[in-house]
Amino acid sequence: MNKRLKHYANGKYFKVADIFIFAILLIALVISLVFIFLPQKGEFVEIYHSGKIVKKISLTEDTVFEISGVTIQIKDGEVCVAKSSCPDQLCVKNSHIKKEGESIICLPNQVIVKISGEKEIDGVTQ
């Protein structure tokens, strides 16, 4: 039998410490993936036009808002662009957003719809 196969058959390649370290790394990976892929539900909808914030509305408030040819609808804690005067309609085709950090952007009309949370941390306070 090959010398390497003898070591493997005798269990000399993996020791208890190796398996323990592997398990810790696997747990750390799973925890970090949970934090990455499960963002917090947003609290507010921020609507920007030409880079300036126009309105900040609570996600719990069902309303329809129009700015610069873009109709924004907030319903059941989700936001979407219902209508737009832009030629490609990409902002209308975008799915509903509800989680913090998600956004819908209409470049021709210079409108950005962004979900934000209650706790906003900037670089100075971190």
# chains A, B, ... in the order shown; residues from 1 in each chain; ligands from 1
>>> residues_around(residues="A:Glu100", least_positions_apart="5", cutoff="10 Å", atoms="only C-alpha atoms", output="number ranges by chain")
A: 39-45, 114-118
>>> select_by_dssp(residues="chain A", states="strand (DSSP E)", output="count of residues only")
41
>>> residues_around(residues="A:Asp76", least_positions_apart="2", cutoff="9 Å", atoms="only C-alpha atoms", output="PyMOL selection string")
chain A and resi 59-62+74+78-79
>>> write_last_selection(atoms="all heavy atoms", output="CSV table (one decimal), in the first residue's frame")
chain,number,residue,atom,x,y,z
A,59,LEU,N,-42.7,53.8,6.4
A,59,LEU,CA,-43.2,52.6,5.6
A,59,LEU,C,-44.5,52.1,6.0
A,59,LEU,O,-45.2,51.4,5.3
A,59,LEU,CB,-42.1,51.5,5.7
A,59,LEU,CG,-41.2,51.3,4.5
A,59,LEU,CD1,-40.2,50.2,4.8
A,59,LEU,CD2,-41.9,51.1,3.2
A,60,THR,N,-45.0,52.5,7.2
A,60,THR,CA,-46.3,52.0,7.7
A,60,THR,C,-47.4,52.8,7.1
A,60,THR,O,-48.6,52.4,7.2
A,60,THR,CB,-46.3,52.1,9.2
A,60,THR,OG1,-46.1,53.4,9.6
A,60,THR,CG2,-45.3,51.1,9.8
A,61,GLU,N,-47.1,54.0,6.5
A,61,GLU,CA,-48.1,54.9,6.0
A,61,GLU,C,-48.4,54.5,4.5
A,61,GLU,O,-47.5,54.7,3.6
A,61,GLU,CB,-47.6,56.3,6.1
A,61,GLU,CG,-48.5,57.4,5.6
A,61,GLU,CD,-47.9,58.8,5.7
A,61,GLU,OE1,-47.0,59.0,6.6
A,61,GLU,OE2,-48.2,59.6,4.9
A,62,ASP,N,-49.6,54.1,4.2
A,62,ASP,CA,-49.9,53.8,2.8
A,62,ASP,C,-50.3,55.1,2.1
A,62,ASP,O,-51.2,55.8,2.5
A,62,ASP,CB,-51.1,52.8,2.7
A,62,ASP,CG,-50.8,51.4,3.2
A,62,ASP,OD1,-49.6,51.1,3.4
A,62,ASP,OD2,-51.7,50.6,3.4
A,74,ILE,N,-46.5,53.6,-1.8
A,74,ILE,CA,-46.2,52.8,-0.5
A,74,ILE,C,-47.4,52.1,-0.1
A,74,ILE,O,-48.5,52.7,0.2
A,74,ILE,CB,-45.7,53.8,0.6
A,74,ILE,CG1,-44.5,54.6,0.1
A,74,ILE,CG2,-45.3,53.0,1.8
A,74,ILE,CD1,-44.1,55.7,1.0
A,78,GLU,N,-44.3,48.1,1.7
A,78,GLU,CA,-43.4,47.9,0.5
A,78,GLU,C,-43.6,49.2,-0.4
A,78,GLU,O,-44.6,49.9,-0.4
A,78,GLU,CB,-43.8,46.7,-0.3
A,78,GLU,CG,-43.6,45.4,0.4
A,78,GLU,CD,-43.9,44.2,-0.5
A,78,GLU,OE1,-44.6,44.3,-1.5
A,78,GLU,OE2,-43.4,43.1,-0.1
A,79,VAL,N,-42.5,49.5,-1.2
A,79,VAL,CA,-42.5,50.6,-2.0
A,79,VAL,C,-42.2,50.2,-3.5
A,79,VAL,O,-41.5,49.3,-3.7
A,79,VAL,CB,-41.4,51.6,-1.6
A,79,VAL,CG1,-41.4,52.8,-2.4
A,79,VAL,CG2,-41.5,51.9,-0.1
>>> residues_around(residues="stretch 85-95 of chain A", least_positions_apart="5", cutoff="8 Å", atoms="only C-alpha atoms", output="PDB file with N, CA and C atoms, in the first residue's frame")
ATOM      1  N   GLY A  69     -42.652  63.481 -12.612  1.00  0.00           N
ATOM      2  CA  GLY A  69     -43.140  62.466 -13.548  1.00  0.00           C
ATOM      3  C   GLY A  69     -43.040  61.039 -13.047  1.00  0.00           C
ATOM      4  N   VAL A  70     -42.682  60.843 -11.783  1.00  0.00           N
ATOM      5  CA  VAL A  70     -42.548  59.511 -11.200  1.00  0.00           C
ATOM      6  C   VAL A  70     -43.578  59.366 -10.074  1.00  0.00           C
ATOM      7  N   CYS A  80     -42.924  50.842  -4.382  1.00  0.00           N
ATOM      8  CA  CYS A  80     -42.666  50.594  -5.800  1.00  0.00           C
ATOM      9  C   CYS A  80     -42.893  51.884  -6.570  1.00  0.00           C
ATOM     10  N   ILE A 104     -34.630  52.142  -5.560  1.00  0.00           N
ATOM     11  CA  ILE A 104     -35.099  52.177  -6.941  1.00  0.00           C
ATOM     12  C   ILE A 104     -34.622  53.498  -7.506  1.00  0.00           C
ATOM     13  N   ILE A 105     -34.015  53.450  -8.680  1.00  0.00           N
ATOM     14  CA  ILE A 105     -33.432  54.650  -9.265  1.00  0.00           C
ATOM     15  C   ILE A 105     -34.020  54.874 -10.653  1.00  0.00           C
ATOM     16  N   CYS A 106     -34.478  56.089 -10.915  1.00  0.00           N
ATOM     17  CA  CYS A 106     -34.946  56.497 -12.235  1.00  0.00           C
ATOM     18  C   CYS A 106     -33.986  57.579 -12.726  1.00  0.00           C
ATOM     19  N   PRO A 108     -33.422  58.990 -15.856  1.00  0.00           N
ATOM     20  CA  PRO A 108     -33.899  60.098 -16.696  1.00  0.00           C
ATOM     21  C   PRO A 108     -34.614  61.190 -15.901  1.00  0.00           C
ATOM     22  N   ASN A 109     -35.352  60.817 -14.864  1.00  0.00           N
ATOM     23  CA  ASN A 109     -36.069  61.795 -14.044  1.00  0.00           C
ATOM     24  C   ASN A 109     -35.287  62.228 -12.811  1.00  0.00           C
TER      25      ASN A 109
END
>>> select_by_dssp(residues="chain A", states="alpha helix (DSSP H)", output="MDAnalysis selection string")
chainID A and resid 3:9 16:37 90:93
>>> residues_around(residues="A:Thr71", least_positions_apart="6", cutoff="7 Å", atoms="only C-alpha atoms", output="JSON, numbers by chain")
{"A": [64, 65, 81, 82, 83, 84]}
>>> residues_around(residues="A:Lys52", least_positions_apart="2", cutoff="12 Å", atoms="only C-alpha atoms", output="list of chain:residue names")
A:Glu46, A:Ile47, A:Tyr48, A:His49, A:Ser50, A:Val54, A:Lys55, A:Lys56, A:Gln110, A:Val111, A:Ile112, A:Val113
